[in-house]
Structure formats: structure tokens, C-alpha cells
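> I have a structure I would like to understand better, so I am pasting it below and will then ask my questions one at a time.
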Amino acid sequence: MPGATIDHLVAVVIFLVAILLFVNLFSQNLQSAILYQRNSQLATEASDLLDSISLSPGNPQNWGTTNSTPTFFGLQDPTQEGYIISSFSLMRLNASSTGTPRNCGNIWYSNITMIPGGYLFVPFNRVVNYTTSTQKLGVNGSYGFQLALIPILNISMSQTNPSPLQIRVTVTGSGLPLAGASLNYYLINSTNGSKYPKFQILPSTSAAYTNSVGSALLNFSSVKATNCAYALIVYANLKGLFGVGYFVSPSMTNKITPVIGSFNDGEGNATILLTQFPPSNAKISFNATLLVLGSSVSSVVQMSVHNATVSLPTVTGLVSGTNQYTPIQIPSKNQAGILIITYNSTATNAGISLMPWGIGSLGATLVYGAAIPSSSNKNWITTDVRQVMIAGESYEFKIALWSLAGYQAQGPSGGTGV
Amino acid sequence: MMRTVEVILVIGILASAFAIGSFFAVLPSPRQISSMNLQELALTTLQMFDQNNELNQIVFKSNLDASWGYLQAALAASLPSNILYNFTVYNMTSNGQYKLLNSFSNTKTGLGTSSETASIIVPSSNVTFSFIPKKIPRTLYILNCSDANGWWITGYTAQTLASNLQSMLSPYFNCTVMVQSTAQLGKILNGTSLQGETVKNATVINTFGEVVPIPAGYYSSNGIGYDTNSKDGYHYAEYSYTLGKQVRQWNWTWVSIVGWPFYYVSNTALLSGKQNTWGIYGMNMTSTYGLEAFLEGLNNQGYSYTTSTTYSPGIVNLSPSALYYCNYYGIHPSTSQTSTRALSINNTFGLRATSIVFNPVGQEIAAATYKHTGGGAFTAIGLTRIPDIRVAALALLMYYQPALSPSMSTSSSSTRLVTLQLGLQGGG
């Protein structure tokens, strides 16, 4: 009798242990399968969301050139088809890739990061924030995302000789030096005038080509950097891959920087406010010109600016005083351009500021959306990529998407997705 | 002891079940779970390179050309560093076969089974696509009278509009004749051919806007084109009545391209001393009476000196049917336009709107072709100035609906199939 009892007890214990072990094994398999299913669905959602944003201009279609908030979020250029992104809609996004915000006239401006000499300050009260876009896309509360638009070509420049001016241009893509890329460019050369700065554009007469290490030397025999301010804008092209870069000579301490006052004043114009930075009581005279680019930036340059680029009547004026600004107006039509402001304060000091009118026209990088969760949170983050064109430039358009539903990644790869 | 043995047997059964279940429940590899959409990446990459016809310029070159090397470098620079690719170009032969022309890749070990491919067809620059319209078996008359002036065609002359309409519409009609003078207009009103064309069943486009050219002589004579009893000095309203009768008699389609139809008559010789009250000489106002008189003539009823009415619905939008034909014929006027001279004549004067260009606003129709039950038709574009002749052309094509036959002219070796296969490094 005791032997039978012991037999029962041992059997029950072994059985319970075995059951617990197999339940655990089966549940692990099931959990992995469920996670795989969710992650796969997340990848599909990322691809769909990226296509939805890339292939729809949103509603209204021209929201990028107005002050209105879209009722549906999309970034496609409304005048084009396919994966062509509106550089104006991008300009109205509350970018994450920003520097220190600026205050002007008691309005705060988002400082979209540009390389020195380029400025893009967008008023916070006119931008579309991340929460709004998630609501318009129907993913608010269910998914978080971050969009990144990065120029495929990286064009860097350095001054190798001031007099006569010589500049080295280096073109890379994905870290690789790009040999054989054609370079078209124009140099904006500003000297002091009697009252306002004088201004001339020297376009390239023929294309230069990068050497085997992806660089080229550009010579400007008539320009002496010692007695002028200059900006060089270079367009690179390699068999359908387009990029733009710029270099602005170091300028005086007090700069004139443009900020966008309004995207549209209702009469087809945008208002740009010219401010002093850092604020001071110094009087600085300026000369502002908008270069309107054609449908293809490279074609504009190849046609040597003087034909295809429209130079609007130049605006001249004076900016002085702390927290003071001078408003100027430029057409807010659906054409990308570059606002060039040359300025000087004394007989010896001068400078140039560039502002892209449309994100793509100066090859700015834009990151928009929520911060990607830390990998320590074990959130599964999926990414997807498209190759797009913005204002004639080749960009990589990347999305990172994660679920806000609360589950965590515990699949075999662990951590983040591809 | 037996119980323990039984339990061990049960464990064995469970273990077998788990093993069998695990064997069949194969989970995909983690890389497949959440990978980039490589097919879309490949397609957008090809589209980007084809954006400025760069691919077109390369894929027809010899394999020894340096451009292939540059393309390879550009491809490597554009794709993320963890992507493997295989770029292949095929020649599409006329018998539907594909012949490999060139291929390059950044891997020698293959792209694995999880790679994705996208392709585009790149035609040579010497390939032309065209559409051949089936001809409308009618004569198209375009009023191009040198001895008349227009009104509400601001910024244009009737002659430039006539020229543009000719190039836009002549491919669709059997025969296109420019009516060069009011005298020639008088001839066709009489049924006399100008160049051997068929006068009956013709379409007549009045490019003079709110003005209609009037021939001297018979058509401006008392009781025909001149109403001696009319008040206010709008004597030539009766000419519109005669026009309506002729449109009915010859089964014409009369097209008014803008504004209030038949508001003025013009003949620079006949009316040299008269002006339209806005300082344009050679013109006389018939005011609102002209349109009513035309409709009476078209409806074969007696002439009465009565005012007509137009409406201002404001912003009007192209009808679904018009949007379809915009795409079909490749004519794309603005989808929203402003109408200040819309008509409300559907189901009156024996007219029925058969092809409506803009969505009606109540009973007001901004642009449509009205077919008369007894013969003749009237296309009225009641938009405000400046005229958009594409709307007039669209209205006519919607009315006649000529079919288009696609046609492609190619030369041998004129098309390439370009494929881009992408895989991830370490992909299975």
C-alpha cells in the first residue's frame, strides 16, 4: 500500500513537472510566432505609411505654400507624379534636426540645421507638428515614427587659396568618393557698394569633373577672397544622381539672417524677415535677391543661370537695432529658389547669407517625427527606404516605425529591426 | 511503479507532439520578419536614375563605354551600404524575346533567395508614341474673318485663337476650313462650299467671343439681319435669328467659346462708324436680344425681339464625364473655372444638353452642347473671359467622341528592359 502511494506521488510530481515544462515550451513557440506576426505587420505598415506619405500631396494639395494645416498629411509634390517630394511641404514641418530656436518680434522660430552661411528659420506657429501629422495619417496612439530625408550626395568644400580664389570640392555618396561626377556651379561675389553691397553671379562656363578621389579644384582668377564676401553653390551629377552643396566665406560678426515670417500673405507672396544676429544696434545695409530655379536644378546651371534663372528685382535696405527686422516679400509660387542676402556695415566688413526657398534647393537634411526609442526599451523598430527627388536633387527617404501598443521585441534577433 | 511508467509514457507522447509540432511550425528567419521593402527600393532607385533620361542615354551604349562604370559607382553611392545589387539590361526583341546585354553586381556569391527585383522598360529616344484619332465625318469651320473684331477674348485676337483651335482640332475632323472673311461666312450660310468641302452637318466655331461676324449684303439687310423695328438700336439682333435658322437648316453645331453669345455683331467695313459702347469700332451691340433670337431661329419659331438671360454660378467644376475625356484626349484645362454667363436653356427651345462639361449649379449650366430635336446643335461656353479654348475643344470632343487608336513607331533594338535585383548582406 505505501509503495502504491509513493508510486502515485512520484508519478504526479513527474507529470506536473513535465506539464509545466511543455506548457512553457509551447508558449515560447507561440509567443515567438505572435511577435513575428506583429513585427511583420509593423514592417508592412512602415512600407505602406512611407508610400502613403511619398505618393500623396495631402489635402489641400498646396498646403506647403500656404499657412494652413493640412487635413490629410502627404509630402508628394502636387505638380509631379511618382516619388517626387515637395520641398515646400518639407519646409513646413516642425523638424527635429534643429539648432537653437530664434526669437524675432516675440515669435519663436525653429532653426533647421544648415551648414554655416545657410539659414532656415521657420515660425513655430506655422509648422505642422508631429502630433498633427500622426492624427492626419490615422496612426496617432498606435504607432510612432520618424522620417529622415538625407541627400544621397554629400558635397563638401574648402578654400585652398584666397587670392586668386581656389576652392576644393569633394563629392561622396554612402561614404564612397564619387569619381567622374560633373560639377556645375555659380559663385556669388559681393563687394561693398557706395550705399548697398554690390552683387554679381559668376556661373561656370563649362562643367568640371571630380577626379579618382572624388574631388576637383575650382579656380576663380578674378576673385580675391581678401576683399570680398562670396558664396559658392555647386551642383553635382553622376549618371542621374544629383546633389547640391554650398560654401559661404566667413563673414563679419554681425550677420543678417532671414527668417520666414509667413509662407503666404494671401496674394501669392511669402514674407521674409531680415534680422540681425547677434542682435545689436549696428546699421547694416543689405541687398536681397531670389534666384528661382527651374524644374531641374542641374539644367538651370548647365544653362548658366543667366538664361534659366530669374533674378527678381533686387531689394535693398537697412537693418538696425536690437529685435528689429525688415520684412521683404518673395513669390510663394511652387518654384524652389535660393534667397541671397549680401550685406555690409563698414567699408571693410561684408557677408552673405543664403536661405533655401524649398528644402531641396540647398540640399538640407531634414529629420521629422518622434525620437526613436532607445534600444534598451527593447521596442521593435522597423525601417524602410525609398529613393526620391526633391527640387531636382536625389534624396534617401527613410522611415523608422515602432508600435505604441506596448509589446516588446523578444524574437531571435532581439533589439531593433533591420 | 506502473503509474510512473504511465507518466513517462505520457511525457514521451507530449515530447513527440512538441517535436512534431515544432517540425511543422517553422518560423521564418528574423531577417524576413521585418526587412526593408527591397522591391520598392529597387523600383524607386531605377525611377530616380531614369528621372532625367540618364538611363536612356546609358543603356543603349556599348558595353565598353565608360558610362557603365560611372553608373555602377552612382548605384553603389545611392544604395545603403548593407544592400547587394545586381543590375541587368536586356534587349527586347521584336519577337518578344529578351537577350542579355550587360550586367554588373557588387557581389560574386549571389543575392540569396530573399532578394527582390524591380524592372523598368527604357525606350530609345527614337521611339515615338502617337494616337491616331478616328475622323469625325464632318467639316470643321473656324471663323477667322479678317474684317471683324472680337470682344471678351482679351489678350488674344480671333485669328490667334483660330490658329490654335485649328492645330488642336483638325486631326479629329475630316476637313478643316478657315473662314477668312465675312463674305466667306455669307457663302457657307448659303450652303456654298469654299474648298469643295461638305457644308451640311458641319461644325462652326466662332472665335470672336461675344461677337459674331456679320456679312454685308443679304445677311445684314432688312428683315434678314436687320430689324428696323427693334428698340434701343439693337437692330442686328435679327441676324442672330437668321443664323439660328441656318444652323438648323444645315444641321450645324455652332460653338460660342466664351461669354454671352451673340451679344455683338462685327463687320469692320459695314459698321465702320459704329462702336460697341466700349470703343471698339466696326461693331454693333445686339445686347441680350441676340441669344434669344438665335434660339428662336434654331427652334424654327417666329422672331421676337426679346431679352435673354444668363447666370453667374461662380466657381464651377468639370463634370465626371469631362474629367474622363480630359484624360482620354489629353486636354487638361483647369478643373475649376469661373462662370458668369451660364445658360439655363436645357429642355427649352427644343434643346437637350447632351454633353455637359461643367457640373450644373441648379438649372444653370456653365458649358455644354445642346442638341436640337429638329436638327442643329449649340455649344455654349459661358465662362468669364479670358477664353480657354481647351474647354471649347473638350466640349466638341465630348460631343462627337472620336475614338483614338494607339500607334507606336519603333526601330530595331529600340527598347531595353532594365532590372535591379536587391538583397541584404547575409540574407538567406
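Naming works like this for the C-alpha cells: A, B, ... for the chains as they're shown, residue 1 at the start of each chain, ligands 1 onward in shown order.
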Using only C-alpha atoms, select each residue of chain B with any atom at most 9 Å away from an atom of chain A, and give the selection as a PyMOL selection string.

chain B and resi 1-8+10-11+14-15+18+22+25+27-38+40-55+57-58+67+70-71+73-81

> Would you give me, as a VMD selection string, the residues in region 240-375 of chain B that DSSP reads as alpha helix (DSSP H)?

chain B and resid 240 to 249 289 to 298 320 to 329

> Emit the selected residues as an mmCIF file, in the first residue's frame, including N, CA and C atoms.


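After the write, selection-v4.cif holds the following:
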data_model
loop_
_atom_site.group_PDB
_atom_site.id
_atom_site.type_symbol
_atom_site.label_atom_id
_atom_site.label_comp_id
_atom_site.auth_asym_id
_atom_site.auth_seq_id
_atom_site.Cartn_x
_atom_site.Cartn_y
_atom_site.Cartn_z
ATOM 1 N N SER B 240 -28.979 87.207 -85.718
ATOM 2 C CA SER B 240 -28.811 86.008 -84.894
ATOM 3 C C SER B 240 -29.959 85.029 -85.146
ATOM 4 N N TYR B 241 -31.131 85.597 -85.370
ATOM 5 C CA TYR B 241 -32.292 84.745 -85.678
ATOM 6 C C TYR B 241 -32.045 83.981 -86.977
ATOM 7 N N THR B 242 -31.539 84.690 -87.980
ATOM 8 C CA THR B 242 -31.247 84.052 -89.271
ATOM 9 C C THR B 242 -30.149 83.005 -89.117
ATOM 10 N N LEU B 243 -29.155 83.318 -88.307
ATOM 11 C CA LEU B 243 -28.088 82.339 -88.047
ATOM 12 C C LEU B 243 -28.672 81.056 -87.452
ATOM 13 N N GLY B 244 -29.563 81.235 -86.474
ATOM 14 C CA GLY B 244 -30.185 80.072 -85.845
ATOM 15 C C GLY B 244 -30.915 79.215 -86.876
ATOM 16 N N LYS B 245 -31.598 79.892 -87.796
ATOM 17 C CA LYS B 245 -32.341 79.149 -88.826
ATOM 18 C C LYS B 245 -31.383 78.378 -89.733
ATOM 19 N N GLN B 246 -30.258 79.019 -90.067
ATOM 20 C CA GLN B 246 -29.293 78.358 -90.950
ATOM 21 C C GLN B 246 -28.622 77.177 -90.234
ATOM 22 N N VAL B 247 -28.343 77.349 -88.963
ATOM 23 C CA VAL B 247 -27.745 76.245 -88.183
ATOM 24 C C VAL B 247 -28.686 75.045 -88.203
ATOM 25 N N ARG B 248 -29.963 75.334 -88.069
ATOM 26 C CA ARG B 248 -30.946 74.246 -88.104
ATOM 27 C C ARG B 248 -31.001 73.635 -89.492
ATOM 28 N N GLN B 249 -31.057 74.511 -90.524
ATOM 29 C CA GLN B 249 -31.201 74.022 -91.901
ATOM 30 C C GLN B 249 -30.040 73.121 -92.318
ATOM 31 N N TYR B 289 -30.608 90.508 -76.736
ATOM 32 C CA TYR B 289 -31.627 90.057 -77.702
ATOM 33 C C TYR B 289 -31.066 89.037 -78.697
ATOM 34 N N GLY B 290 -29.759 89.104 -78.938
ATOM 35 C CA GLY B 290 -29.151 88.236 -79.940
ATOM 36 C C GLY B 290 -29.306 86.763 -79.607
ATOM 37 N N LEU B 291 -29.007 86.386 -78.369
ATOM 38 C CA LEU B 291 -29.066 84.981 -77.976
ATOM 39 C C LEU B 291 -30.492 84.441 -78.104
ATOM 40 N N GLU B 292 -31.453 85.234 -77.633
ATOM 41 C CA GLU B 292 -32.845 84.781 -77.699
ATOM 42 C C GLU B 292 -33.271 84.587 -79.160
ATOM 43 N N ALA B 293 -32.850 85.521 -79.997
ATOM 44 C CA ALA B 293 -33.205 85.435 -81.413
ATOM 45 C C ALA B 293 -32.597 84.187 -82.046
ATOM 46 N N PHE B 294 -31.338 83.878 -81.703
ATOM 47 C CA PHE B 294 -30.676 82.691 -82.254
ATOM 48 C C PHE B 294 -31.453 81.431 -81.863
ATOM 49 N N LEU B 295 -31.836 81.349 -80.571
ATOM 50 C CA LEU B 295 -32.542 80.154 -80.097
ATOM 51 C C LEU B 295 -33.906 80.019 -80.769
ATOM 52 N N GLU B 296 -34.542 81.169 -81.039
ATOM 53 C CA GLU B 296 -35.832 81.128 -81.742
ATOM 54 C C GLU B 296 -35.636 80.609 -83.162
ATOM 55 N N GLY B 297 -34.587 81.074 -83.804
ATOM 56 C CA GLY B 297 -34.306 80.609 -85.161
ATOM 57 C C GLY B 297 -33.978 79.135 -85.185
ATOM 58 N N LEU B 298 -33.188 78.702 -84.242
ATOM 59 C CA LEU B 298 -32.802 77.291 -84.165
ATOM 60 C C LEU B 298 -34.032 76.416 -83.932
ATOM 61 N N PRO B 320 -17.764 64.674 -64.090
ATOM 62 C CA PRO B 320 -17.012 63.408 -64.157
ATOM 63 C C PRO B 320 -16.767 62.971 -65.597
ATOM 64 N N SER B 321 -17.764 63.171 -66.448
ATOM 65 C CA SER B 321 -17.599 62.789 -67.852
ATOM 66 C C SER B 321 -16.494 63.628 -68.502
ATOM 67 N N ALA B 322 -16.490 64.927 -68.219
ATOM 68 C CA ALA B 322 -15.455 65.796 -68.797
ATOM 69 C C ALA B 322 -14.067 65.396 -68.314
ATOM 70 N N LEU B 323 -13.965 65.038 -67.032
ATOM 71 C CA LEU B 323 -12.660 64.615 -66.493
ATOM 72 C C LEU B 323 -12.168 63.360 -67.220
ATOM 73 N N TYR B 324 -13.099 62.452 -67.514
ATOM 74 C CA TYR B 324 -12.720 61.231 -68.239
ATOM 75 C C TYR B 324 -12.168 61.599 -69.618
ATOM 76 N N TYR B 325 -12.881 62.476 -70.328
ATOM 77 C CA TYR B 325 -12.439 62.821 -71.685
ATOM 78 C C TYR B 325 -11.199 63.723 -71.682
ATOM 79 N N CYS B 326 -11.008 64.453 -70.588
ATOM 80 C CA CYS B 326 -9.743 65.204 -70.463
ATOM 81 C C CYS B 326 -8.571 64.244 -70.570
ATOM 82 N N ASN B 327 -8.660 63.153 -69.826
ATOM 83 C CA ASN B 327 -7.574 62.172 -69.846
ATOM 84 C C ASN B 327 -7.527 61.445 -71.179
ATOM 85 N N TYR B 328 -8.681 61.137 -71.721
ATOM 86 C CA TYR B 328 -8.731 60.368 -72.969
ATOM 87 C C TYR B 328 -8.100 61.153 -74.122
ATOM 88 N N TYR B 329 -8.417 62.429 -74.206
ATOM 89 C CA TYR B 329 -7.908 63.225 -75.326
ATOM 90 C C TYR B 329 -6.654 64.025 -74.957
#

> Taking only C-alpha atoms into account, which of B:Gly110, B:Val418, B:Tyr264, B:Gln337 comes nearest Thr277 (chain B)?

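Using only C-alpha atoms, Thr277 (chain B) sits closest to B:Tyr264.
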
> By how many Å are CA of Phe72 (chain A) and CA of Ala391 (chain A) apart?

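Result for CA of Phe72 (chain A) versus CA of Ala391 (chain A): 22.2 Å, one decimal.
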
> Give me, as an mmCIF file with N, CA and C atoms, in the first residue's frame, all polymer residues having an atom no more than 9 Å from Ser105 (chain B), counting only C-alpha atoms and skipping those fewer than 3 positions away in the same chain.


data_model
loop_
_atom_site.group_PDB
_atom_site.id
_atom_site.type_symbol
_atom_site.label_atom_id
_atom_site.label_comp_id
_atom_site.auth_asym_id
_atom_site.auth_seq_id
_atom_site.Cartn_x
_atom_site.Cartn_y
_atom_site.Cartn_z
ATOM 1 N N GLN B 72 27.723 52.345 -62.341
ATOM 2 C CA GLN B 72 27.975 51.409 -61.244
ATOM 3 C C GLN B 72 28.362 52.174 -59.973
ATOM 4 N N LEU B 84 23.046 44.534 -51.351
ATOM 5 C CA LEU B 84 23.726 43.948 -52.510
ATOM 6 C C LEU B 84 22.828 44.142 -53.725
ATOM 7 N N TYR B 85 23.440 44.324 -54.868
ATOM 8 C CA TYR B 85 22.610 44.557 -56.044
ATOM 9 C C TYR B 85 23.135 43.808 -57.257
ATOM 10 N N ASN B 86 22.242 43.624 -58.175
ATOM 11 C CA ASN B 86 22.584 43.058 -59.476
ATOM 12 C C ASN B 86 21.802 43.852 -60.518
ATOM 13 N N PHE B 87 22.522 44.569 -61.346
ATOM 14 C CA PHE B 87 21.897 45.447 -62.343
ATOM 15 C C PHE B 87 22.041 44.782 -63.720
ATOM 16 N N THR B 88 20.943 44.557 -64.397
ATOM 17 C CA THR B 88 20.972 43.817 -65.661
ATOM 18 C C THR B 88 20.166 44.542 -66.725
ATOM 19 N N LYS B 108 29.757 38.483 -55.721
ATOM 20 C CA LYS B 108 30.005 37.348 -56.602
ATOM 21 C C LYS B 108 29.321 36.093 -56.087
ATOM 22 N N GLY B 110 26.121 35.806 -55.158
ATOM 23 C CA GLY B 110 24.674 35.790 -55.333
ATOM 24 C C GLY B 110 23.980 36.595 -54.249
#

> Here is a test: counting only C-alpha atoms, which residue of B:Ile188, B:Lys371, B:Phe173, B:Val122 is nearest to Lys134 (chain B)?

B:Phe173

> Please run DSSP on the backbone and report, as a short mmCIF file (atom, residue, chain, number, x, y, z; two decimals) with C-alpha atoms, in the first residue's frame, all residues within region 50-222 of chain B that come out as strand (DSSP E or B).


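Once written, out-v6.cif looks like this:
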data_model
loop_
_atom_site.label_atom_id
_atom_site.label_comp_id
_atom_site.auth_asym_id
_atom_site.auth_seq_id
_atom_site.Cartn_x
_atom_site.Cartn_y
_atom_site.Cartn_z
CA ILE B 83 22.49 46.28 -49.79
CA LEU B 84 23.73 43.95 -52.51
CA TYR B 85 22.61 44.56 -56.04
CA ASN B 86 22.58 43.06 -59.48
CA PHE B 87 21.90 45.45 -62.34
CA THR B 88 20.97 43.82 -65.66
CA VAL B 89 19.99 45.16 -69.06
CA TYR B 90 18.15 43.10 -71.66
CA ASN B 91 17.36 43.90 -75.24
CA MET B 92 13.69 43.41 -76.04
CA TYR B 98 14.87 39.08 -74.11
CA LYS B 99 18.57 38.99 -74.82
CA LEU B 100 21.08 39.75 -72.08
CA LEU B 101 23.18 42.79 -72.98
CA ASN B 102 25.03 43.78 -69.84
CA SER B 103 25.05 43.04 -66.15
CA PHE B 104 27.06 44.08 -63.12
CA SER B 105 26.83 43.39 -59.42
CA GLU B 116 13.69 41.25 -54.67
CA THR B 117 13.69 42.56 -58.22
CA ALA B 118 12.14 45.56 -59.93
CA SER B 119 12.29 46.43 -63.59
CA ILE B 120 11.50 49.28 -65.92
CA ILE B 121 11.35 49.50 -69.68
CA VAL B 122 13.56 52.15 -71.20
CA PRO B 123 12.65 53.15 -74.74
CA THR B 128 7.64 57.70 -80.84
CA PHE B 129 4.22 57.02 -79.42
CA SER B 130 1.22 58.58 -81.02
CA PHE B 131 -2.53 58.28 -81.20
CA ILE B 132 -4.44 58.32 -84.43
CA PRO B 133 -7.96 59.66 -83.99
CA ILE B 136 -15.35 62.86 -87.33
CA PRO B 137 -17.15 62.75 -90.71
CA ARG B 138 -17.87 66.46 -90.69
CA THR B 139 -16.35 69.71 -91.84
CA LEU B 140 -14.90 71.99 -89.20
CA TYR B 141 -15.29 75.68 -89.97
CA ILE B 142 -13.27 78.06 -87.85
CA LEU B 143 -14.24 81.72 -88.16
CA TRP B 151 -14.84 91.02 -77.80
CA PHE B 173 -12.19 66.25 -88.36
CA ASN B 174 -12.47 65.07 -91.92
CA CYS B 175 -11.81 68.54 -93.20
CA THR B 176 -10.97 71.86 -91.56
CA VAL B 177 -11.66 75.13 -93.31
CA MET B 178 -10.70 78.56 -92.03
CA VAL B 179 -13.38 81.10 -92.91
CA THR B 203 -19.27 72.42 -87.03
CA VAL B 204 -18.72 76.17 -86.89
CA ILE B 205 -16.51 77.64 -84.17
CA ASN B 206 -16.94 81.34 -83.57
CA GLY B 209 -16.06 85.66 -78.34
CA VAL B 211 -19.20 88.92 -81.18
CA VAL B 212 -20.44 87.19 -84.29
CA PRO B 213 -19.16 88.34 -87.71
CA ASN B 222 -33.86 94.49 -93.57
#

> Which residues are close to Ser182 (chain A), i.e. within 7 Å by only C-alpha atoms, leaving aside same-chain residues fewer than 6 positions away? Reply as a PDB file with C-alpha atoms, in the first residue's frame.


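The resulting file, part-v9.pdb, is reproduced below:
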ATOM      1  CA  ALA A 207      31.424  71.611 -66.212  1.00  0.00           C
ATOM      2  CA  ALA A 208      34.307  70.477 -64.007  1.00  0.00           C
ATOM      3  CA  TYR A 209      34.749  66.777 -63.170  1.00  0.00           C
ATOM      4  CA  THR A 210      35.821  65.083 -59.971  1.00  0.00           C
ATOM      5  CA  ALA A 236      26.955  67.572 -58.888  1.00  0.00           C
ATOM      6  CA  ASN A 237      25.604  64.923 -61.242  1.00  0.00           C
ATOM      7  CA  LEU A 238      26.724  61.390 -61.845  1.00  0.00           C
TER       8      LEU A 238
END

> Restricting the calculation to only C-alpha atoms, which member of A:Pro162, A:Gly118, A:Pro258, A:Gly64 is positioned closest to Gln329 (chain A)?

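The shortest atom-to-atom distance to Gln329 (chain A) comes from A:Pro258.
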
> Using only C-alpha atoms, which protein or nucleic acid residues come within 7 Å of Thr340 (chain B)? Drop anything in the same chain fewer than 5 positions from it, and give the result as a list in words.

Tyr311, Ser312, Pro313, Gly314, Gly382, Leu383 and Thr384 of chain B

> Do a neighbour search on Ile167 (chain A) at 12 Å with only C-alpha atoms, toss out local chain neighbours closer than 2 positions, and write the hits as a tab-separated table (two decimals) with N, CA and C atoms, in the first residue's frame.


chain	number	residue	atom	x	y	z
A	156	SER	N	31.19	68.56	-50.09
A	156	SER	CA	31.88	69.41	-49.11
A	156	SER	C	32.90	70.29	-49.83
A	157	MET	N	33.17	71.45	-49.27
A	157	MET	CA	34.06	72.42	-49.93
A	157	MET	C	34.99	73.06	-48.92
A	158	SER	N	36.15	73.42	-49.39
A	158	SER	CA	37.08	74.17	-48.53
A	158	SER	C	37.89	75.12	-49.41
A	159	GLN	N	38.23	76.27	-48.83
A	159	GLN	CA	39.02	77.24	-49.58
A	159	GLN	C	40.50	76.83	-49.51
A	160	THR	N	41.11	76.62	-50.67
A	160	THR	CA	42.52	76.22	-50.68
A	160	THR	C	43.43	77.40	-50.95
A	161	ASN	N	42.91	78.45	-51.57
A	161	ASN	CA	43.72	79.65	-51.84
A	161	ASN	C	42.79	80.86	-51.89
A	162	PRO	N	43.15	81.93	-51.14
A	162	PRO	CA	42.23	83.09	-51.13
A	162	PRO	C	42.40	84.02	-52.33
A	163	SER	N	43.62	84.13	-52.87
A	163	SER	CA	43.82	85.13	-53.92
A	163	SER	C	44.84	84.64	-54.96
A	164	PRO	N	44.43	84.29	-56.15
A	164	PRO	CA	43.04	84.23	-56.59
A	164	PRO	C	42.33	83.07	-55.92
A	165	LEU	N	41.03	83.20	-55.84
A	165	LEU	CA	40.24	82.23	-55.09
A	165	LEU	C	40.31	80.85	-55.72
A	169	VAL	N	36.39	71.00	-54.07
A	169	VAL	CA	35.06	70.41	-53.90
A	169	VAL	C	35.23	68.90	-53.85
A	170	THR	N	34.63	68.27	-52.86
A	170	THR	CA	34.70	66.81	-52.74
A	170	THR	C	33.28	66.25	-52.71
A	185	TYR	N	28.35	75.09	-61.31
A	185	TYR	CA	28.36	75.93	-60.11
A	185	TYR	C	28.17	77.39	-60.47
A	187	LEU	N	29.28	81.24	-58.53
A	187	LEU	CA	29.88	81.95	-57.41
A	187	LEU	C	29.16	83.29	-57.26
A	215	SER	N	37.31	64.54	-55.90
A	215	SER	CA	37.44	65.97	-55.65
A	215	SER	C	37.87	66.71	-56.91
A	216	ALA	N	37.64	67.99	-56.90
A	216	ALA	CA	38.02	68.85	-58.02
A	216	ALA	C	38.39	70.21	-57.47
A	217	LEU	N	39.31	70.89	-58.15
A	217	LEU	CA	39.69	72.24	-57.75
A	217	LEU	C	39.02	73.25	-58.68
A	218	LEU	N	38.32	74.20	-58.10
A	218	LEU	CA	37.68	75.24	-58.90
A	218	LEU	C	38.46	76.53	-58.72
A	219	ASN	N	38.82	77.14	-59.83
A	219	ASN	CA	39.63	78.37	-59.79
A	219	ASN	C	38.81	79.58	-60.25
A	220	PHE	N	38.93	80.66	-59.51
A	220	PHE	CA	38.25	81.91	-59.87
A	220	PHE	C	39.32	83.00	-59.93
A	221	SER	N	39.88	83.14	-61.08
A	221	SER	CA	41.05	84.01	-61.21
A	221	SER	C	40.73	85.48	-60.95
A	223	VAL	N	38.63	86.65	-58.69
A	223	VAL	CA	38.08	86.89	-57.35
A	223	VAL	C	39.19	86.78	-56.31
A	224	LYS	N	39.22	87.79	-55.46
A	224	LYS	CA	40.16	87.78	-54.33
A	224	LYS	C	39.34	87.73	-53.05
A	225	ALA	N	39.45	86.63	-52.34
A	225	ALA	CA	38.64	86.45	-51.14
A	225	ALA	C	39.02	87.45	-50.05
A	230	TYR	N	31.92	85.93	-50.45
A	230	TYR	CA	31.44	85.11	-51.57
A	230	TYR	C	30.69	83.89	-51.06
A	231	ALA	N	29.87	83.34	-51.94
A	231	ALA	CA	29.20	82.07	-51.67
A	231	ALA	C	29.30	81.25	-52.95
A	232	LEU	N	29.60	79.97	-52.81
A	232	LEU	CA	29.72	79.09	-53.97
A	232	LEU	C	28.64	78.01	-53.86
A	233	ILE	N	27.85	77.87	-54.89
A	233	ILE	CA	26.82	76.84	-54.91
A	233	ILE	C	27.18	75.86	-56.03
A	234	VAL	N	27.32	74.59	-55.67
A	234	VAL	CA	27.80	73.58	-56.63
A	234	VAL	C	26.74	72.51	-56.81
A	246	TYR	N	26.94	73.93	-50.85
A	246	TYR	CA	27.33	75.33	-50.90
A	246	TYR	C	28.42	75.61	-49.89
A	247	PHE	N	29.09	76.71	-50.12
A	247	PHE	CA	30.14	77.15	-49.20
A	247	PHE	C	30.06	78.67	-49.13
A	248	VAL	N	30.02	79.19	-47.93
A	248	VAL	CA	29.94	80.65	-47.75
A	248	VAL	C	31.20	81.10	-47.00
A	249	SER	N	31.80	82.14	-47.51
A	249	SER	CA	33.03	82.62	-46.89
A	249	SER	C	32.73	83.14	-45.49

> What's the separation between CA of Leu147 (chain A) and CA of Ile340 (chain A), in Å to one decimal place?

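Distance between the two atoms: 28.7 Å.
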
> Pick out the residues sitting within 9 Å of Trp357 (chain A), and hand them over as a list in words; count only C-alpha atoms, and ignore anything fewer than 6 positions along from it in its own chain.

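Here the qualifying residues turn out to be Ser87, Phe88, Met91, Leu120, Leu290, Val292, Ser332, Gln335, Ala336, Gly337, Ile338 and Leu339 of chain A.
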